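Raw model_24.cif, mmCIF, C-alpha atoms, pLDDT in the B column; chains and numbers go by the auth columns:
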```
data_final
#
loop_
_atom_site.group_PDB
_atom_site.id
_atom_site.type_symbol
_atom_site.label_atom_id
_atom_site.label_comp_id
_atom_site.label_asym_id
_atom_site.label_seq_id
_atom_site.Cartn_x
_atom_site.Cartn_y
_atom_site.Cartn_z
_atom_site.B_iso_or_equiv
_atom_site.auth_seq_id
_atom_site.auth_asym_id
ATOM 1 C CA MET A 1 -2.721 -14.310 45.013 62.00 83 A
ATOM 2 C CA LYS A 2 -1.828 -17.973 44.453 63.00 84 A
ATOM 3 C CA LYS A 3 -5.212 -19.020 45.892 64.00 85 A
ATOM 4 C CA VAL A 4 -7.087 -16.690 43.555 53.00 86 A
ATOM 5 C CA LEU A 5 -5.127 -17.958 40.534 51.00 87 A
ATOM 6 C CA SER A 6 -5.752 -21.586 41.548 56.00 88 A
ATOM 7 C CA ILE A 7 -9.484 -20.945 41.895 53.00 89 A
ATOM 8 C CA LEU A 8 -9.636 -19.245 38.490 49.00 90 A
ATOM 9 C CA LEU A 9 -7.753 -22.107 36.810 49.00 91 A
ATOM 10 C CA LEU A 10 -10.014 -24.686 38.450 50.00 92 A
ATOM 11 C CA ALA A 11 -13.118 -22.738 37.452 49.00 93 A
ATOM 12 C CA ALA A 12 -11.864 -22.532 33.850 48.00 94 A
ATOM 13 C CA ALA A 13 -11.428 -26.298 33.744 47.00 95 A
ATOM 14 C CA ILE A 14 -14.986 -27.059 34.906 48.00 96 A
ATOM 15 C CA PRO A 15 -17.826 -25.464 32.944 47.00 97 A
ATOM 16 C CA LEU A 16 -20.651 -24.796 35.388 50.00 98 A
ATOM 17 C CA GLY A 17 -23.618 -25.278 33.120 53.00 99 A
ATOM 18 C CA ALA A 18 -22.907 -22.497 30.628 65.00 100 A
ATOM 19 C CA ALA A 19 -24.383 -23.354 27.236 70.00 101 A
ATOM 20 C CA ASN A 20 -21.845 -23.095 24.397 79.00 102 A
ATOM 21 C CA PRO A 21 -18.925 -22.155 26.652 94.00 103 A
ATOM 22 C CA HIS A 22 -16.489 -21.503 23.750 97.00 104 A
ATOM 23 C CA GLN A 23 -16.822 -18.676 21.266 97.00 105 A
ATOM 24 C CA VAL A 24 -14.597 -17.142 18.608 98.00 106 A
ATOM 25 C CA ARG A 25 -15.463 -14.007 16.720 98.00 107 A
ATOM 26 C CA ILE A 26 -14.109 -11.618 14.146 98.00 108 A
ATOM 27 C CA GLY A 27 -15.377 -8.103 13.732 98.00 109 A
ATOM 28 C CA TRP A 28 -14.972 -4.494 12.730 98.00 110 A
ATOM 29 C CA GLY A 29 -15.369 -1.286 14.752 97.00 111 A
ATOM 30 C CA ASP A 30 -15.532 2.414 13.940 96.00 112 A
ATOM 31 C CA MET A 31 -12.613 4.860 14.164 93.00 113 A
ATOM 32 C CA LEU A 32 -14.441 8.002 15.242 91.00 114 A
ATOM 33 C CA PHE A 33 -11.572 9.220 17.446 90.00 115 A
ATOM 34 C CA GLU A 34 -8.983 8.654 14.730 91.00 116 A
ATOM 35 C CA THR A 35 -10.987 10.489 12.062 91.00 117 A
ATOM 36 C CA LEU A 36 -11.352 13.462 14.432 90.00 118 A
ATOM 37 C CA ALA A 37 -7.695 13.453 15.539 88.00 119 A
ATOM 38 C CA PHE A 38 -6.078 12.730 12.145 86.00 120 A
ATOM 39 C CA HIS A 39 -7.394 14.879 9.315 84.00 121 A
ATOM 40 C CA ALA A 40 -6.196 17.023 6.436 89.00 122 A
ATOM 41 C CA GLY A 41 -4.484 20.317 7.233 89.00 123 A
ATOM 42 C CA TYR A 42 -1.205 22.126 7.900 88.00 124 A
ATOM 43 C CA GLY A 43 0.909 21.416 10.966 85.00 125 A
ATOM 44 C CA SER A 44 3.125 23.853 12.878 80.00 126 A
ATOM 45 C CA ASP A 45 6.095 21.944 11.410 85.00 127 A
ATOM 46 C CA GLY A 46 5.192 23.156 7.912 84.00 128 A
ATOM 47 C CA LEU A 47 3.880 19.775 6.747 90.00 129 A
ATOM 48 C CA ARG A 48 0.646 19.534 4.796 93.00 130 A
ATOM 49 C CA LYS A 49 -1.206 16.317 5.606 93.00 131 A
ATOM 50 C CA SER A 50 -3.740 14.998 3.113 95.00 132 A
ATOM 51 C CA ASN A 51 -5.287 11.880 1.544 95.00 133 A
ATOM 52 C CA PHE A 52 -6.211 10.191 4.831 95.00 134 A
ATOM 53 C CA GLY A 53 -7.338 6.581 4.955 95.00 135 A
ATOM 54 C CA TYR A 54 -8.482 4.394 7.841 96.00 136 A
ATOM 55 C CA THR A 55 -8.921 0.631 8.178 97.00 137 A
ATOM 56 C CA GLY A 56 -11.301 0.759 11.105 97.00 138 A
ATOM 57 C CA HIS A 57 -10.707 -1.590 14.026 97.00 139 A
ATOM 58 C CA ILE A 58 -10.346 -5.187 12.871 98.00 140 A
ATOM 59 C CA PHE A 59 -10.502 -7.559 15.825 98.00 141 A
ATOM 60 C CA ALA A 60 -10.582 -11.232 16.790 98.00 142 A
ATOM 61 C CA GLU A 61 -11.593 -12.689 20.137 98.00 143 A
ATOM 62 C CA TYR A 62 -11.812 -15.997 21.956 98.00 144 A
ATOM 63 C CA ARG A 63 -14.190 -16.249 24.908 97.00 145 A
ATOM 64 C CA TYR A 64 -14.735 -18.995 27.450 98.00 146 A
ATOM 65 C CA ARG A 65 -17.783 -18.860 29.713 96.00 147 A
ATOM 66 C CA LEU A 66 -16.844 -20.000 33.197 96.00 148 A
ATOM 67 C CA THR A 67 -20.463 -19.826 34.382 96.00 149 A
ATOM 68 C CA PRO A 68 -23.717 -18.738 32.758 95.00 150 A
ATOM 69 C CA VAL A 69 -22.879 -15.192 33.969 96.00 151 A
ATOM 70 C CA VAL A 70 -19.071 -14.794 33.871 97.00 152 A
ATOM 71 C CA GLY A 71 -16.756 -15.320 30.909 98.00 153 A
ATOM 72 C CA LEU A 72 -13.085 -14.673 30.216 98.00 154 A
ATOM 73 C CA ALA A 73 -11.891 -13.501 26.813 98.00 155 A
ATOM 74 C CA ALA A 74 -8.729 -12.552 24.948 98.00 156 A
ATOM 75 C CA LYS A 75 -9.007 -9.962 22.165 98.00 157 A
ATOM 76 C CA THR A 76 -6.584 -8.729 19.508 98.00 158 A
ATOM 77 C CA ASP A 77 -7.439 -5.409 17.831 98.00 159 A
ATOM 78 C CA PHE A 78 -5.647 -3.903 14.810 98.00 160 A
ATOM 79 C CA GLU A 79 -6.037 -0.565 13.030 97.00 161 A
ATOM 80 C CA GLY A 80 -4.188 1.436 10.398 97.00 162 A
ATOM 81 C CA ILE A 81 -4.150 5.167 9.648 96.00 163 A
ATOM 82 C CA PHE A 82 -2.570 6.403 6.402 97.00 164 A
ATOM 83 C CA TRP A 83 -1.859 9.825 4.903 95.00 165 A
ATOM 84 C CA LYS A 84 0.443 11.850 2.654 96.00 166 A
ATOM 85 C CA GLU A 85 2.842 14.513 4.003 94.00 167 A
ATOM 86 C CA THR A 86 4.156 17.375 1.887 95.00 168 A
ATOM 87 C CA PRO A 87 6.666 19.934 3.251 94.00 169 A
ATOM 88 C CA CYS A 88 5.507 23.495 2.536 92.00 170 A
ATOM 89 C CA ASP A 89 7.010 26.973 2.810 91.00 171 A
ATOM 90 C CA ILE A 90 5.532 29.862 4.818 88.00 172 A
ATOM 91 C CA TYR A 91 3.155 30.554 1.895 89.00 173 A
ATOM 92 C CA ARG A 92 1.902 26.954 2.037 89.00 174 A
ATOM 93 C CA GLN A 93 3.438 26.125 -1.304 91.00 175 A
ATOM 94 C CA PRO A 94 5.054 22.654 -1.658 90.00 176 A
ATOM 95 C CA SER A 95 8.800 22.835 -0.988 91.00 177 A
ATOM 96 C CA GLY A 96 9.726 19.150 -1.102 91.00 178 A
ATOM 97 C CA GLU A 97 8.643 15.666 -2.047 94.00 179 A
ATOM 98 C CA THR A 98 5.432 14.117 -0.783 95.00 180 A
ATOM 99 C CA THR A 99 5.887 11.039 1.404 95.00 181 A
ATOM 100 C CA SER A 100 3.459 8.412 2.662 96.00 182 A
ATOM 101 C CA SER A 101 2.898 7.868 6.377 95.00 183 A
ATOM 102 C CA ARG A 102 1.452 4.601 7.629 97.00 184 A
ATOM 103 C CA ASN A 103 0.677 4.219 11.332 96.00 185 A
ATOM 104 C CA TYR A 104 -0.583 1.057 13.021 98.00 186 A
ATOM 105 C CA ASN A 105 -1.945 0.184 16.451 97.00 187 A
ATOM 106 C CA LEU A 106 -2.091 -3.407 17.680 98.00 188 A
ATOM 107 C CA CYS A 107 -3.800 -4.187 21.004 98.00 189 A
ATOM 108 C CA PHE A 108 -3.739 -7.354 23.103 98.00 190 A
ATOM 109 C CA ILE A 109 -6.530 -7.243 25.664 98.00 191 A
ATOM 110 C CA PRO A 110 -7.739 -9.914 28.093 98.00 192 A
ATOM 111 C CA ASN A 111 -11.186 -9.102 29.447 97.00 193 A
ATOM 112 C CA VAL A 112 -14.033 -10.244 31.659 98.00 194 A
ATOM 113 C CA GLN A 113 -17.581 -10.433 30.318 97.00 195 A
ATOM 114 C CA PHE A 114 -20.810 -10.490 32.308 98.00 196 A
ATOM 115 C CA THR A 115 -23.950 -11.945 30.728 97.00 197 A
ATOM 116 C CA PHE A 116 -27.160 -10.597 32.243 95.00 198 A
ATOM 117 C CA LEU A 117 -29.700 -12.029 29.786 96.00 199 A
ATOM 118 C CA ASP A 118 -29.285 -15.321 27.919 94.00 200 A
ATOM 119 C CA ARG A 119 -32.159 -16.548 25.788 93.00 201 A
ATOM 120 C CA GLU A 120 -32.188 -18.907 22.815 88.00 202 A
ATOM 121 C CA ALA A 121 -31.913 -16.163 20.180 94.00 203 A
ATOM 122 C CA VAL A 122 -30.535 -13.168 22.106 96.00 204 A
ATOM 123 C CA GLU A 123 -27.901 -12.518 24.750 96.00 205 A
ATOM 124 C CA LEU A 124 -27.119 -9.226 26.519 98.00 206 A
ATOM 125 C CA TYR A 125 -23.714 -8.719 28.074 98.00 207 A
ATOM 126 C CA ALA A 126 -21.122 -6.142 29.174 98.00 208 A
ATOM 127 C CA GLY A 127 -17.427 -6.317 29.971 98.00 209 A
ATOM 128 C CA ILE A 128 -14.145 -4.645 30.715 98.00 210 A
ATOM 129 C CA GLY A 129 -10.574 -5.436 29.744 98.00 211 A
ATOM 130 C CA ALA A 130 -7.071 -4.089 30.183 98.00 212 A
ATOM 131 C CA GLY A 131 -4.021 -4.873 28.100 98.00 213 A
ATOM 132 C CA LEU A 132 -1.264 -3.435 25.926 98.00 214 A
ATOM 133 C CA LEU A 133 -1.190 -1.293 22.789 98.00 215 A
ATOM 134 C CA VAL A 134 1.813 -1.579 20.471 98.00 216 A
ATOM 135 C CA ALA A 135 2.098 1.362 18.050 97.00 217 A
ATOM 136 C CA PHE A 136 4.446 1.420 15.049 98.00 218 A
ATOM 137 C CA ASP A 137 4.847 3.219 11.734 97.00 219 A
ATOM 138 C CA ASN A 138 6.707 3.026 8.448 96.00 220 A
ATOM 139 C CA ALA A 139 9.263 5.618 9.618 93.00 221 A
ATOM 140 C CA GLY A 140 10.616 3.304 12.328 96.00 222 A
ATOM 141 C CA GLY A 141 8.721 4.880 15.208 95.00 223 A
ATOM 142 C CA SER A 142 7.142 2.727 17.879 96.00 224 A
ATOM 143 C CA GLY A 143 5.537 2.970 21.290 96.00 225 A
ATOM 144 C CA LEU A 144 3.769 1.048 24.027 97.00 226 A
ATOM 145 C CA ALA A 145 0.771 2.134 26.066 98.00 227 A
ATOM 146 C CA PRO A 146 -1.710 0.572 28.446 98.00 228 A
ATOM 147 C CA ALA A 147 -5.062 -0.108 26.778 98.00 229 A
ATOM 148 C CA ILE A 148 -8.466 -0.249 28.460 98.00 230 A
ATOM 149 C CA ASP A 149 -11.501 -1.628 26.655 97.00 231 A
ATOM 150 C CA PHE A 150 -15.018 -0.904 27.906 96.00 232 A
ATOM 151 C CA ASN A 151 -18.020 -2.789 26.584 97.00 233 A
ATOM 152 C CA LEU A 152 -21.037 -0.981 27.990 97.00 234 A
ATOM 153 C CA LEU A 153 -23.595 -3.121 26.165 98.00 235 A
ATOM 154 C CA GLY A 154 -23.304 -6.046 23.789 98.00 236 A
ATOM 155 C CA VAL A 155 -26.130 -7.848 22.015 98.00 237 A
ATOM 156 C CA ARG A 156 -25.601 -11.305 20.494 97.00 238 A
ATOM 157 C CA PHE A 157 -28.374 -12.540 18.239 97.00 239 A
ATOM 158 C CA GLY A 158 -29.016 -15.745 16.354 96.00 240 A
ATOM 159 C CA LYS A 159 -29.708 -19.405 17.037 92.00 241 A
ATOM 160 C CA GLY A 160 -27.272 -22.257 16.641 91.00 242 A
ATOM 161 C CA PRO A 161 -23.495 -22.074 16.500 95.00 243 A
ATOM 162 C CA TRP A 162 -23.340 -19.028 14.172 96.00 244 A
ATOM 163 C CA CYS A 163 -24.493 -15.685 15.509 97.00 245 A
ATOM 164 C CA GLY A 164 -23.839 -11.974 15.204 98.00 246 A
ATOM 165 C CA ALA A 165 -23.163 -9.262 17.747 98.00 247 A
ATOM 166 C CA VAL A 166 -23.324 -5.493 18.072 98.00 248 A
ATOM 167 C CA GLU A 167 -21.431 -3.705 20.858 98.00 249 A
ATOM 168 C CA LEU A 168 -21.387 -0.200 22.289 98.00 250 A
ATOM 169 C CA GLY A 169 -18.201 0.672 24.167 96.00 251 A
ATOM 170 C CA GLY A 170 -14.840 2.383 23.897 95.00 252 A
ATOM 171 C CA LEU A 171 -11.179 1.458 23.477 97.00 253 A
ATOM 172 C CA ASN A 172 -8.690 3.777 25.166 97.00 254 A
ATOM 173 C CA ALA A 173 -4.876 3.928 25.150 96.00 255 A
ATOM 174 C CA LEU A 174 -2.638 6.718 26.421 94.00 256 A
ATOM 175 C CA THR A 175 0.511 7.297 28.434 93.00 257 A
ATOM 176 C CA GLY A 176 -0.249 10.898 29.433 89.00 258 A
ATOM 177 C CA ALA A 177 -2.178 14.005 28.450 86.00 259 A
ATOM 178 C CA ASN A 178 0.264 14.689 25.586 86.00 260 A
ATOM 179 C CA ASN A 179 0.620 11.108 24.349 88.00 261 A
ATOM 180 C CA ILE A 180 -2.841 9.852 23.402 92.00 262 A
ATOM 181 C CA TYR A 181 -3.192 6.930 21.008 94.00 263 A
ATOM 182 C CA MET A 182 -6.978 6.706 21.259 94.00 264 A
ATOM 183 C CA ILE A 183 -9.864 7.846 23.456 93.00 265 A
ATOM 184 C CA SER A 184 -13.293 6.223 23.102 92.00 266 A
ATOM 185 C CA SER A 185 -12.296 4.598 19.845 94.00 267 A
ATOM 186 C CA ARG A 186 -14.319 1.659 18.539 95.00 268 A
ATOM 187 C CA ILE A 187 -17.517 3.041 20.046 97.00 269 A
ATOM 188 C CA LEU A 188 -19.661 0.831 17.826 97.00 270 A
ATOM 189 C CA SER A 189 -18.589 -2.586 16.572 98.00 271 A
ATOM 190 C CA VAL A 190 -20.133 -5.571 14.804 98.00 272 A
ATOM 191 C CA SER A 191 -18.936 -9.160 14.690 98.00 273 A
ATOM 192 C CA LEU A 192 -19.599 -12.625 13.308 98.00 274 A
ATOM 193 C CA ASN A 193 -19.351 -15.289 16.020 98.00 275 A
ATOM 194 C CA TYR A 194 -19.066 -19.056 16.179 98.00 276 A
ATOM 195 C CA ARG A 195 -19.834 -20.825 19.471 95.00 277 A
ATOM 196 C CA TRP A 196 -19.690 -24.404 20.600 95.00 278 A
#
```

Is it possible to express this structure as structure tokens?
Amino acid sequence: MKKVLSILLLAAAIPLGAANPHQVRIGWGDMLFETLAFHAGYGSDGLRKSNFGYTGHIFAEYRYRLTPVVGLAAKTDFEGIFWKETPCDIYRQPSGETTSSRNYNLCFIPNVQFTFLDREAVELYAGIGAGLLVAFDNAGGSGLAPAIDFNLLGVRFGKGPWCGAVELGGLNALTGANNIYMISSRILSVSLNYRW
């Protein structure tokens, strides 16, 4: 294990001909899973949930290309889901005050990216990452879960230091069949990138 770590550190210190080895990006991704899992309705606990709002996935990433093919990256992903809860009686009539629920997920994900086409104006890549999801809400609840991020296909486009990207993938975080934070979330994402 020490040999592998030493080789990776040495490789990170010596760029092997990769053009623009550094890149930072900020972006936004969809919340398809969240909009399907969290929606208006009545729960078995007698609470009516309504007025849902979603931030989408807001993320930032730093990538370093070790070689023209392999890069290492660190990504932070944040999302918020908001709604109103109203206690109701068995006739679904309000029986108490409406409260606001605010839930947040924050992911820290290192990943590996593989570039399989690199031209002046377009780059095709894929990647995989594994990290940690930290969930918390305004009621004092919190949780941790492993997070896995798949990037099945990414397309960077643009010349010069500024470029854009579109990715097709999925962010997943769960601790069991009954404790799912997200499955195939952030299927589609877009970003603004700066490379040097």

Matched chain/residue IDs from the PyMOL selection byres ((chain A and resi 193) around 6), as a PDB file with C-alpha atoms, in the frame of the given file:
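The file below, part_39.pdb, is the result:
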```
ATOM      1  CA  LEU A 154     -13.085 -14.673  30.216  1.00 98.00           C
ATOM      2  CA  ALA A 155     -11.891 -13.501  26.813  1.00 98.00           C
ATOM      3  CA  PRO A 192      -7.739  -9.914  28.093  1.00 98.00           C
ATOM      4  CA  VAL A 194     -14.033 -10.244  31.659  1.00 98.00           C
ATOM      5  CA  ILE A 210     -14.145  -4.645  30.715  1.00 98.00           C
ATOM      6  CA  GLY A 211     -10.574  -5.436  29.744  1.00 98.00           C
TER       7      GLY A 211
END
```

Legend entry - Polymer residues at most 7 Å from A:Leu234, all atoms listed in the file, same-chain spacing of 4 or more positions, as a list in words: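 Here the qualifying residues turn out to be Ala208, Gly209, Leu250 and Gly251 of chain A.
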
Just to be explicit: take each residue in the selection above, keep C-alpha atoms, and write the result as a compact mmCIF listing (two decimals), keeping the file's coordinate frame.
```txt
# COMPACT_ATOMS: atom_id res chain seq x y z
CA ALA A 208 -21.12 -6.14 29.17
CA GLY A 209 -17.43 -6.32 29.97
CA LEU A 250 -21.39 -0.20 22.29
CA GLY A 251 -18.20 0.67 24.17
```

Inset, instruction - Work out how far apart atom CA of A:Val151 and atom CA of A:Ser267 are and give it in Å to one decimal. - result: 26.5 Å

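Closest approach to A:Glu143 among A:Arg174, A:His104, A:Lys131, A:Arg238: A:His104, based on all atoms listed in the file.
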
Legend entry - Shell around A:Ile265 at 7 Å using only C-alpha atoms, local window under 2 positions removed, as a ChimeraX atom specification: /A:115,253-255,267

Inset, instruction - Within 6 Å of A:Arg130, counting all atoms listed in the file, which residues show up once you throw out same-chain ones fewer than 3 positions away? Write them as a list in words, please. - result: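 The neighbour list is Gly123, Tyr124, Glu167 and Thr168 of chain A.
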
Take the selection from the previous step and output its residues with C-alpha atoms, as a PDB file, keeping the file's coordinate frame.
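Here's the written file out_25.pdb:
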```
ATOM      1  CA  GLY A 123      -4.484  20.317   7.233  1.00 89.00           C
ATOM      2  CA  TYR A 124      -1.205  22.126   7.900  1.00 88.00           C
ATOM      3  CA  GLU A 167       2.842  14.513   4.003  1.00 94.00           C
ATOM      4  CA  THR A 168       4.156  17.375   1.887  1.00 95.00           C
TER       5      THR A 168
END
```
